[in-house]
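Participant: Coordinates in upload.txt, compact mmCIF, C-alpha atoms, are listed below.
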```txt
# COMPACT_ATOMS: atom_id res chain seq x y z
CA MET R 1 -6.75 2.17 17.84
CA HIS R 2 -3.27 1.14 18.92
CA LEU R 3 -0.95 -1.83 18.74
CA ALA R 4 -0.59 -3.14 22.30
CA ARG R 5 1.86 -5.96 21.66
CA LEU R 6 3.99 -7.22 18.81
CA ALA R 7 5.58 -10.66 19.19
CA LEU R 8 7.81 -12.26 16.56
CA THR R 9 9.31 -15.71 16.13
CA ASP R 10 11.82 -16.37 13.33
CA PHE R 11 10.80 -13.21 11.48
CA ARG R 12 13.64 -11.60 9.50
CA CYS R 13 16.60 -11.21 11.89
CA TYR R 14 14.55 -11.98 15.00
CA ARG R 15 14.72 -15.44 16.52
CA SER R 16 12.34 -14.07 19.14
CA ALA R 17 11.07 -10.62 20.09
CA ASP R 18 8.19 -9.44 22.27
CA LEU R 19 7.45 -5.73 22.38
CA ALA R 20 4.80 -4.19 24.65
CA LEU R 21 3.47 -0.93 23.26
CA GLY R 22 1.06 1.76 24.37
CA PRO R 23 -0.62 4.87 23.02
CA GLY R 24 1.55 7.88 22.27
CA VAL R 25 5.00 7.91 20.72
CA THR R 26 7.43 4.99 20.69
CA VAL R 27 10.88 5.61 19.23
CA LEU R 28 13.11 2.71 18.11
CA THR R 29 16.76 3.68 17.63
CA GLY R 30 19.81 1.74 16.49
CA PRO R 31 22.37 1.51 13.71
CA ASN R 32 21.39 0.64 10.16
CA GLY R 33 20.84 -3.09 9.77
CA ALA R 34 20.02 -3.63 13.45
CA GLY R 35 16.41 -4.65 12.79
CA LYS R 36 14.36 -1.49 13.39
CA THR R 37 12.59 -1.58 10.04
CA ASN R 38 11.90 -5.30 10.50
CA LEU R 39 9.66 -4.41 13.44
CA ILE R 40 7.79 -1.82 11.38
CA GLU R 41 7.51 -4.33 8.53
CA ALA R 42 6.03 -6.91 10.91
CA ALA R 43 3.40 -4.46 12.15
CA TRP R 44 2.57 -3.52 8.55
CA TYR R 45 2.28 -7.20 7.62
CA ALA R 46 -0.11 -7.81 10.52
CA ALA R 47 -2.31 -5.03 9.14
CA THR R 48 -2.13 -5.76 5.41
CA PHE R 49 -0.80 -9.35 4.99
CA GLY R 50 1.95 -7.97 2.80
CA SER R 51 5.40 -6.39 3.07
CA HIS R 52 6.18 -2.86 1.96
CA ARG R 53 9.72 -3.96 1.03
CA VAL R 54 9.48 -7.30 -0.82
CA ALA R 55 6.90 -8.93 -3.10
CA SER R 56 7.09 -12.47 -1.66
CA ASP R 57 7.00 -13.86 1.88
CA ALA R 58 10.12 -16.04 1.61
CA PRO R 59 12.60 -13.31 2.70
CA LEU R 60 10.53 -12.69 5.84
CA VAL R 61 11.31 -16.11 7.32
CA ARG R 62 14.58 -16.12 9.25
CA ASP R 63 17.39 -17.93 7.48
CA GLY R 64 17.38 -21.57 8.56
CA ALA R 65 13.80 -21.53 9.90
CA ARG R 66 10.85 -23.26 8.24
CA SER R 67 8.25 -20.66 9.23
CA ALA R 68 7.80 -17.33 10.99
CA ILE R 69 5.12 -16.33 13.50
CA LEU R 70 3.66 -12.84 13.96
CA ARG R 71 1.33 -11.97 16.83
CA ALA R 72 -0.26 -8.54 17.07
CA ALA R 73 -2.56 -7.57 19.93
CA VAL R 74 -4.74 -4.62 18.95
CA ARG R 75 -6.85 -2.38 21.20
CA SER R 76 -9.65 -0.42 19.60
CA ALA R 77 -13.28 0.56 20.12
CA ALA R 78 -14.12 -3.08 19.34
CA GLY R 79 -12.05 -4.23 22.35
CA GLU R 80 -8.80 -6.19 22.31
CA GLN R 81 -8.20 -8.54 19.41
CA LEU R 82 -5.31 -10.83 18.53
CA VAL R 83 -4.07 -11.45 15.00
CA GLU R 84 -1.71 -14.43 14.57
CA ILE R 85 -0.01 -15.16 11.26
CA GLU R 86 2.14 -18.16 10.41
CA LEU R 87 4.33 -17.50 7.37
CA ASN R 88 5.36 -20.71 5.65
CA ALA R 89 8.03 -20.57 2.97
CA GLY R 90 6.68 -22.42 -0.07
CA ARG R 91 3.37 -23.30 1.60
CA ALA R 92 0.12 -21.52 2.38
CA ASN R 93 0.18 -19.15 5.32
CA ARG R 94 -2.18 -19.64 8.23
CA VAL R 95 -4.06 -16.89 10.07
CA ARG R 96 -5.97 -16.91 13.35
CA LEU R 97 -8.14 -14.13 14.75
CA ASN R 98 -8.74 -14.30 18.49
CA ARG R 99 -7.37 -17.89 18.45
CA VAL R 100 -9.88 -18.98 15.76
CA PRO R 101 -8.38 -20.26 12.46
CA LEU R 102 -9.63 -18.39 9.40
CA GLN R 103 -10.39 -20.10 6.11
CA ARG R 104 -9.88 -16.76 4.35
CA PRO R 105 -7.02 -14.73 5.83
CA ARG R 106 -8.48 -11.53 4.38
CA ASP R 107 -11.32 -11.81 6.91
CA ALA R 108 -8.85 -10.40 9.47
CA LEU R 109 -8.13 -7.29 7.39
CA GLY R 110 -9.20 -4.14 9.20
CA THR R 111 -8.39 -5.50 12.65
CA LEU R 112 -5.23 -3.39 12.64
CA ARG R 113 -5.01 -0.32 10.43
CA CYS R 114 -1.71 1.43 9.81
CA VAL R 115 -0.32 4.27 7.76
CA LEU R 116 3.37 3.86 6.98
CA PHE R 117 5.75 6.53 5.72
CA ALA R 118 9.14 5.12 4.68
CA PRO R 119 12.02 6.10 2.39
CA GLU R 120 10.57 3.79 -0.28
CA ASP R 121 7.61 6.18 -0.58
CA ILE R 122 9.61 8.48 -2.82
CA ALA R 123 8.89 5.90 -5.54
CA VAL R 124 5.18 6.73 -5.32
CA VAL R 125 6.08 10.17 -6.68
CA LYS R 126 9.08 9.39 -8.87
CA GLY R 127 8.51 5.75 -9.83
CA ASP R 128 6.37 3.79 -12.25
CA PRO R 129 2.54 3.84 -12.27
CA GLU R 130 2.52 0.49 -10.44
CA GLN R 131 3.72 2.27 -7.29
CA ARG R 132 0.84 4.75 -7.41
CA ARG R 133 -1.75 2.06 -8.15
CA ARG R 134 -0.48 0.14 -5.14
CA TYR R 135 -0.83 3.25 -2.98
CA LEU R 136 -4.47 3.58 -4.02
CA ASP R 137 -5.32 -0.10 -3.67
CA ASP R 138 -3.63 -0.53 -0.28
CA LEU R 139 -5.52 2.49 1.04
CA LEU R 140 -8.74 1.23 -0.52
CA VAL R 141 -8.44 -2.11 1.27
CA ALA R 142 -7.46 -0.43 4.55
CA SER R 143 -10.55 1.77 4.43
CA ARG R 144 -12.93 -0.89 3.07
CA PRO R 145 -11.51 -4.42 3.53
CA ARG R 146 -14.10 -5.96 1.19
CA TYR R 147 -12.11 -4.57 -1.72
CA ALA R 148 -9.38 -7.12 -1.01
CA ALA R 149 -11.68 -9.70 -2.63
CA VAL R 150 -12.45 -7.39 -5.58
CA ARG R 151 -8.75 -6.77 -6.11
CA ALA R 152 -7.98 -10.50 -5.94
CA ASP R 153 -10.81 -11.39 -8.34
CA TYR R 154 -9.64 -8.78 -10.84
CA GLU R 155 -6.03 -10.00 -10.67
CA ARG R 156 -7.22 -13.58 -11.21
CA ALA R 157 -9.22 -12.52 -14.29
CA LEU R 158 -6.21 -10.55 -15.56
CA ARG R 159 -3.94 -13.59 -15.21
CA GLN R 160 -6.45 -15.83 -16.97
CA ARG R 161 -7.01 -13.41 -19.86
CA THR R 162 -3.26 -12.94 -20.28
CA ALA R 163 -2.73 -16.70 -20.41
CA LEU R 164 -5.47 -17.09 -23.03
CA LEU R 165 -4.06 -14.28 -25.17
CA LYS R 166 -0.58 -15.79 -25.02
CA SER R 167 -1.99 -19.16 -26.07
CA ALA R 168 -3.66 -17.72 -29.20
CA ARG R 169 -2.25 -19.32 -32.36
CA PRO R 170 -1.30 -17.05 -35.29
CA ALA R 171 -3.78 -17.37 -38.15
CA GLY R 172 -1.18 -16.83 -40.85
CA PRO R 173 2.50 -16.32 -41.55
CA GLY R 174 2.40 -12.52 -41.57
CA ARG R 175 3.31 -10.51 -38.49
CA ASP R 176 0.01 -8.61 -38.71
CA ALA R 177 -2.16 -11.71 -38.90
CA PRO R 178 -4.58 -11.91 -35.95
CA GLY R 179 -4.47 -14.89 -33.66
CA VAL R 180 -7.32 -17.32 -33.20
CA VAL R 181 -9.61 -16.10 -30.41
CA PRO R 182 -9.75 -18.72 -27.63
CA ALA R 183 -13.30 -19.92 -27.07
CA SER R 184 -13.36 -18.95 -23.39
CA LEU R 185 -11.94 -15.45 -23.87
CA GLU R 186 -15.32 -13.71 -24.12
CA ALA R 187 -16.47 -15.26 -20.84
CA TRP R 188 -13.36 -13.95 -19.13
CA ASP R 189 -13.90 -10.57 -20.79
CA GLU R 190 -17.19 -10.25 -18.90
CA GLN R 191 -15.66 -11.07 -15.53
CA PHE R 192 -12.58 -8.96 -16.24
CA ALA R 193 -14.76 -5.96 -17.14
CA ALA R 194 -17.11 -6.39 -14.18
CA LYS R 195 -14.35 -6.66 -11.57
CA GLY R 196 -12.22 -4.04 -13.31
CA ALA R 197 -15.12 -1.59 -13.32
CA GLU R 198 -15.80 -2.20 -9.63
CA LEU R 199 -12.14 -1.57 -8.80
CA THR R 200 -11.98 1.52 -11.01
CA ALA R 201 -15.16 2.99 -9.50
CA ALA R 202 -13.72 2.54 -6.01
CA ARG R 203 -10.44 4.18 -7.06
CA LEU R 204 -12.32 7.13 -8.56
CA ARG R 205 -14.26 7.70 -5.33
CA LEU R 206 -11.04 7.39 -3.35
CA VAL R 207 -9.19 9.93 -5.52
CA ALA R 208 -12.07 12.38 -5.16
CA ALA R 209 -11.89 12.03 -1.37
CA LEU R 210 -8.09 12.31 -1.33
CA ARG R 211 -7.79 15.39 -3.57
CA PRO R 212 -8.55 18.06 -0.92
CA LEU R 213 -6.71 16.12 1.79
CA VAL R 214 -3.52 15.87 -0.27
CA ALA R 215 -3.71 19.56 -1.17
CA ALA R 216 -4.10 20.54 2.49
CA SER R 217 -1.35 18.17 3.70
CA TYR R 218 1.07 19.35 1.03
CA SER R 219 0.47 22.97 2.00
CA GLU R 220 1.15 22.14 5.66
CA VAL R 221 4.28 20.10 5.01
CA SER R 222 5.80 22.47 2.46
CA GLY R 223 5.01 25.62 4.38
CA GLY R 224 2.52 26.81 1.78
CA ARG R 225 4.89 26.52 -1.17
CA GLY R 226 2.81 25.65 -4.22
CA GLY R 227 -0.21 23.42 -4.56
CA ALA R 228 -0.57 19.67 -5.05
CA TRP R 229 -3.17 18.14 -7.33
CA LEU R 230 -4.03 14.58 -8.38
CA ALA R 231 -6.24 12.90 -10.96
CA TYR R 232 -7.01 9.36 -12.06
CA ARG R 233 -5.83 8.62 -15.59
CA GLN R 234 -6.79 5.76 -17.86
CA GLY R 235 -3.80 3.93 -19.30
CA SER R 236 -5.28 2.24 -22.37
CA GLU R 237 -4.96 3.73 -25.84
CA ARG R 238 -8.05 5.79 -25.03
CA SER R 239 -5.89 7.63 -22.51
CA GLY R 240 -6.92 10.63 -20.45
CA GLU R 241 -8.75 11.42 -17.24
CA LEU R 242 -11.70 9.15 -16.66
CA ASP R 243 -15.21 10.50 -16.34
CA PRO R 244 -15.55 11.03 -12.58
CA ASP R 245 -18.91 9.24 -12.65
CA PRO R 246 -18.11 6.08 -10.64
CA ASP R 247 -20.99 4.02 -12.06
CA PRO R 248 -19.63 0.44 -12.32
CA ALA R 249 -22.11 -0.52 -15.07
CA LYS R 250 -21.04 2.42 -17.21
CA LEU R 251 -17.37 1.72 -16.57
CA ALA R 252 -17.85 -1.98 -17.43
CA ARG R 253 -19.46 -1.10 -20.76
CA GLY R 254 -16.57 1.23 -21.56
CA LEU R 255 -14.02 -1.44 -20.67
CA LEU R 256 -15.77 -4.05 -22.85
CA GLU R 257 -15.72 -1.57 -25.73
CA ASP R 258 -11.98 -1.11 -25.20
CA LEU R 259 -11.42 -4.86 -25.22
CA SER R 260 -13.35 -5.23 -28.45
CA ARG R 261 -11.48 -2.36 -30.10
CA LEU R 262 -8.11 -3.68 -28.92
CA ARG R 263 -8.78 -7.39 -29.61
CA ARG R 264 -6.45 -7.63 -32.62
CA ALA R 265 -3.61 -5.83 -30.86
CA GLU R 266 -4.05 -7.95 -27.73
CA LEU R 267 -3.87 -11.19 -29.71
CA GLU R 268 -0.79 -10.01 -31.58
CA ARG R 269 1.02 -8.96 -28.41
CA GLY R 270 -0.36 -11.51 -25.96
CA VAL R 271 -1.12 -8.94 -23.24
CA CYS R 272 -4.15 -7.14 -21.80
CA LEU R 273 -4.07 -3.59 -23.16
CA ALA R 274 -6.96 -2.13 -21.17
CA GLY R 275 -8.06 -2.25 -17.55
CA PRO R 276 -7.20 -0.71 -14.18
CA HIS R 277 -3.82 -2.51 -14.16
CA ARG R 278 -2.73 0.04 -16.81
CA ASP R 279 -4.13 3.17 -15.14
CA ASP R 280 -2.19 5.81 -13.23
CA LEU R 281 -2.59 8.38 -10.49
CA GLU R 282 -1.31 11.64 -11.94
CA LEU R 283 0.42 13.86 -9.39
CA ARG R 284 1.11 17.53 -10.04
CA ILE R 285 2.77 20.35 -8.14
CA GLY R 286 1.49 23.62 -9.50
CA GLU R 287 1.08 23.21 -13.26
CA LEU R 288 3.78 20.57 -13.74
CA PRO R 289 3.78 16.77 -13.34
CA ALA R 290 5.59 15.79 -10.15
CA ARG R 291 7.38 12.94 -11.87
CA GLY R 292 10.31 14.38 -13.76
CA TYR R 293 9.78 18.00 -12.68
CA ALA R 294 9.53 18.11 -8.88
CA SER R 295 12.66 18.89 -6.89
CA HIS R 296 13.91 16.45 -4.28
CA GLY R 297 12.32 18.49 -1.49
CA GLU R 298 9.03 18.83 -3.37
CA SER R 299 8.96 15.09 -4.04
CA TRP R 300 9.47 14.31 -0.36
CA SER R 301 6.77 16.80 0.62
CA LEU R 302 4.32 15.24 -1.83
CA ALA R 303 5.14 11.67 -0.74
CA LEU R 304 4.55 12.71 2.86
CA ALA R 305 1.35 14.54 1.93
CA LEU R 306 -0.01 11.35 0.34
CA ARG R 307 0.54 9.43 3.57
CA LEU R 308 -0.87 12.16 5.79
CA ALA R 309 -3.93 12.34 3.53
CA ALA R 310 -4.33 8.57 3.95
CA PHE R 311 -4.12 9.03 7.73
CA SER R 312 -6.81 11.75 7.64
CA LEU R 313 -9.06 9.58 5.46
CA LEU R 314 -8.84 6.58 7.79
CA ARG R 315 -9.18 8.76 10.89
CA ALA R 316 -12.50 10.06 9.52
CA ASP R 317 -13.98 6.60 10.17
CA GLY R 318 -13.81 7.36 13.91
CA GLU R 319 -10.51 5.80 15.01
CA ASP R 320 -6.92 6.75 14.35
CA PRO R 321 -4.82 4.22 12.46
CA VAL R 322 -1.34 3.55 13.81
CA LEU R 323 1.07 6.04 12.25
CA MET R 324 4.52 4.56 11.50
CA LEU R 325 7.47 6.75 10.46
CA ASP R 326 10.33 4.52 9.36
CA ASP R 327 13.70 6.28 9.22
CA VAL R 328 12.29 9.35 7.48
CA PHE R 329 13.50 12.22 9.66
CA ALA R 330 17.05 11.82 8.37
CA GLU R 331 15.69 12.43 4.85
CA LEU R 332 13.95 15.71 5.73
CA ASP R 333 15.32 19.19 6.32
CA SER R 334 14.77 20.80 9.74
CA SER R 335 11.61 22.70 8.78
CA ARG R 336 9.92 19.62 7.31
CA ARG R 337 10.96 17.57 10.35
CA GLU R 338 9.25 19.99 12.69
CA ARG R 339 6.09 20.20 10.60
CA LEU R 340 5.88 16.42 10.35
CA ALA R 341 6.39 16.08 14.10
CA GLU R 342 3.63 18.61 14.75
CA LEU R 343 1.20 16.80 12.44
CA ALA R 344 2.12 13.35 13.81
CA GLY R 345 1.81 14.40 17.44
CA SER R 346 -1.98 14.28 17.32
CA ALA R 347 -2.13 10.56 16.38
CA GLU R 348 -3.23 8.04 19.02
CA GLN R 349 -0.09 5.95 18.43
CA VAL R 350 3.10 6.80 16.55
CA LEU R 351 5.94 4.34 15.95
CA VAL R 352 9.19 6.00 14.87
CA THR R 353 12.51 4.49 13.84
CA ALA R 354 15.77 6.40 13.55
CA ALA R 355 19.44 5.51 13.32
CA VAL R 356 20.26 8.58 15.41
CA GLY R 357 17.90 9.57 18.19
CA ALA R 358 18.74 13.24 17.73
CA ASP R 359 17.08 13.15 14.28
CA VAL R 360 13.67 12.76 15.97
CA PRO R 361 12.21 16.16 16.95
CA ALA R 362 11.88 16.73 20.67
CA ARG R 363 8.12 17.18 20.45
CA LEU R 364 7.88 13.45 19.60
CA SER R 365 8.87 12.38 23.08
CA GLY R 366 7.76 9.06 24.51
CA ALA R 367 8.95 5.51 25.16
CA ARG R 368 12.36 4.72 23.68
CA TYR R 369 13.83 1.37 22.72
CA ALA R 370 17.32 0.50 21.55
CA VAL R 371 17.64 -2.09 18.78
CA ALA R 372 20.90 -3.94 18.15
CA ASP R 373 21.60 -7.26 16.43
CA GLY R 374 17.98 -8.38 16.55
CA VAL R 375 17.53 -7.53 20.24
CA VAL R 376 15.09 -4.88 21.47
CA ALA R 377 15.67 -3.31 24.90
CA ARG R 378 14.01 -0.42 26.74
CA ALA R 379 16.30 2.60 26.68
CA ALA R 380 17.01 4.54 29.83
```
Spell out the structure here as structure tokens.
Facilitator:
Amino acid sequence: MHLARLALTDFRCYRSADLALGPGVTVLTGPNGAGKTNLIEAAWYAATFGSHRVASDAPLVRDGARSAILRAAVRSAAGEQLVEIELNAGRANRVRLNRVPLQRPRDALGTLRCVLFAPEDIAVVKGDPEQRRRYLDDLLVASRPRYAAVRADYERALRQRTALLKSARPAGPGRDAPGVVPASLEAWDEQFAAKGAELTAARLRLVAALRPLVAASYSEVSGGRGGAWLAYRQGSERSGELDPDPDPAKLARGLLEDLSRLRRAELERGVCLAGPHRDDLELRIGELPARGYASHGESWSLALALRLAAFSLLRADGEDPVLMLDDVFAELDSSRRERLAELAGSAEQVLVTAAVGADVPARLSGARYAVADGVVARAA
């Protein structure tokens, strides 16, 4: 699989841009703020319908414009396909696949698959559990697009339960008095548990598949220094590593038991205290948790290993995803640069950005473009 063309209208700093791409390596160079990462962000959005940098779509529309247009032509074993996305600030976005409007934009997920390594990835290792859950869920949807609907259904149930818990009226004047249970809460408990169990089961299977891939990638990137290990941890008061049995029915029963046990506390606090939105992906290097103990170099190696493991997982389906390396070589020492370049060189398509072209190892040679002030030009 490779991205054959990326065309933008009123996206970020680009009034208009049209970039023809081919297999192999493409390097985009230019000073910071020139718009290199905006191109990577656009490709990522065409694959995932989300930005890796901001939570909402509004910042993606060029200042002064009412909407932005992304067009991504993709060549794969399925032939050539065209994804078109209209981003509308304050209104619903519109998506077309091969010129046909889609009622559900998520039906285009999987047309383009990408793995992105960017400076923000250090937060997967050092940041809050939300960053690691997002890593798992994004990879889950990339590998099996149907989980986009499961994820959306769970988030809807979570929002509804939270609203009902917040609306509960205190039964008495004391701080410890339980609230009145809303009549519809039990019905939402069932849906919340069913969708939460389905999501958790998928995450458990994914972590099991990732564990050896992350260990192997970390060994390659770090030059064999130490071992990386990961496990899925439950974040409710019944904390610990979940039973690796990914049976959704069993997981749903366990989640319903948690909700029953935590009912009083949930009503008092007005929040959902159990469910996959509170879980975490534990990362370790050797015997110690990566968060809080890993050195800067170890953290970068682990963040990179997580992305390379994702690449290997998606590649196992028969086609390479597009590998995008956004301004990461400047963050790595010379040995890690060379090892990353060696590992990346086998991908069908690699998109690289760098402020200084010399930061990109020579083995990643290919087409070069210069980016300046929202203009992309082929470099000599």
Participant: R:Ala362, R:Leu3, R:Leu102, R:Ala47: which is nearest Arg75 in chain R, counting all atoms listed in the file?
Facilitator: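 Looking at the shortest contact to Arg75 in chain R, the residue is R:Leu3.
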Participant: Quote the spacing between CA of Val271 in chain R and CA of Arg156 in chain R in Å to one decimal place.
Facilitator: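 It comes out at 14.3 Å.
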Participant: With distances taken over all atoms listed in the file, which residue among R:Lys195, R:Arg161, R:Arg144, R:Arg62 lies nearest Arg263 in chain R?
Facilitator: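 So, comparing all the options, the nearest one is R:Arg161.
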Participant: Anything within 9 Å of (12.4, -2.4, 21.4): list those residues as a list in words, counting all atoms listed in the file and sticking to the file's coordinates.
Facilitator: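 Output of the proximity query reads Ala17, Asp18, Leu19, Ala20, Thr26, Val27, Leu28, Thr29, Lys36, Leu39, Arg368, Tyr369, Ala370, Val371, Val375, Val376, Ala377, Arg378 and Ala379 of chain R.
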Participant: In Å, with one decimal, what is the gap from CA of Ala274 in chain R to CA of Arg233 in chain R?
Facilitator: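 Computing it gives 12.2 Å between the two atoms.
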Participant: Can you pull range 109-124 of chain R out of that block with N, CA and C atoms and hand it back as a compact mmCIF listing (two decimals), in the first residue's frame?
Facilitator:
```txt
# COMPACT_ATOMS: atom_id res chain seq x y z
N LEU R 109 -12.66 3.85 6.72
CA LEU R 109 -11.49 3.47 7.50
C LEU R 109 -10.90 2.18 6.95
N GLY R 110 -9.58 2.12 6.90
CA GLY R 110 -8.89 0.97 6.35
C GLY R 110 -8.48 1.15 4.92
N THR R 111 -9.03 2.17 4.24
CA THR R 111 -8.62 2.44 2.86
C THR R 111 -7.14 2.82 2.82
N LEU R 112 -6.74 3.68 3.73
CA LEU R 112 -5.34 4.06 3.91
C LEU R 112 -4.94 3.69 5.33
N ARG R 113 -3.84 2.96 5.46
CA ARG R 113 -3.35 2.60 6.79
C ARG R 113 -1.94 3.19 6.95
N CYS R 114 -1.74 3.85 8.08
CA CYS R 114 -0.47 4.52 8.35
C CYS R 114 0.02 4.17 9.74
N VAL R 115 1.32 4.21 9.91
CA VAL R 115 1.95 4.19 11.23
C VAL R 115 2.78 5.45 11.32
N LEU R 116 2.53 6.24 12.34
CA LEU R 116 3.18 7.54 12.50
C LEU R 116 4.03 7.56 13.76
N PHE R 117 5.29 7.95 13.59
CA PHE R 117 6.17 8.17 14.74
C PHE R 117 6.53 9.65 14.74
N ALA R 118 6.19 10.33 15.85
CA ALA R 118 6.37 11.78 15.96
C ALA R 118 6.89 12.11 17.35
N PRO R 119 7.43 13.31 17.55
CA PRO R 119 7.92 13.69 18.88
C PRO R 119 6.88 13.54 19.98
N GLU R 120 5.59 13.72 19.63
CA GLU R 120 4.53 13.59 20.63
C GLU R 120 4.46 12.18 21.22
N ASP R 121 5.06 11.19 20.53
CA ASP R 121 4.96 9.81 20.99
C ASP R 121 5.66 9.56 22.32
N ILE R 122 6.54 10.45 22.72
CA ILE R 122 7.19 10.28 24.02
C ILE R 122 6.15 10.26 25.14
N ALA R 123 4.99 10.91 24.88
CA ALA R 123 3.92 10.94 25.88
C ALA R 123 3.28 9.57 26.08
N VAL R 124 3.38 8.69 25.08
CA VAL R 124 2.85 7.34 25.25
C VAL R 124 3.61 6.63 26.37
```
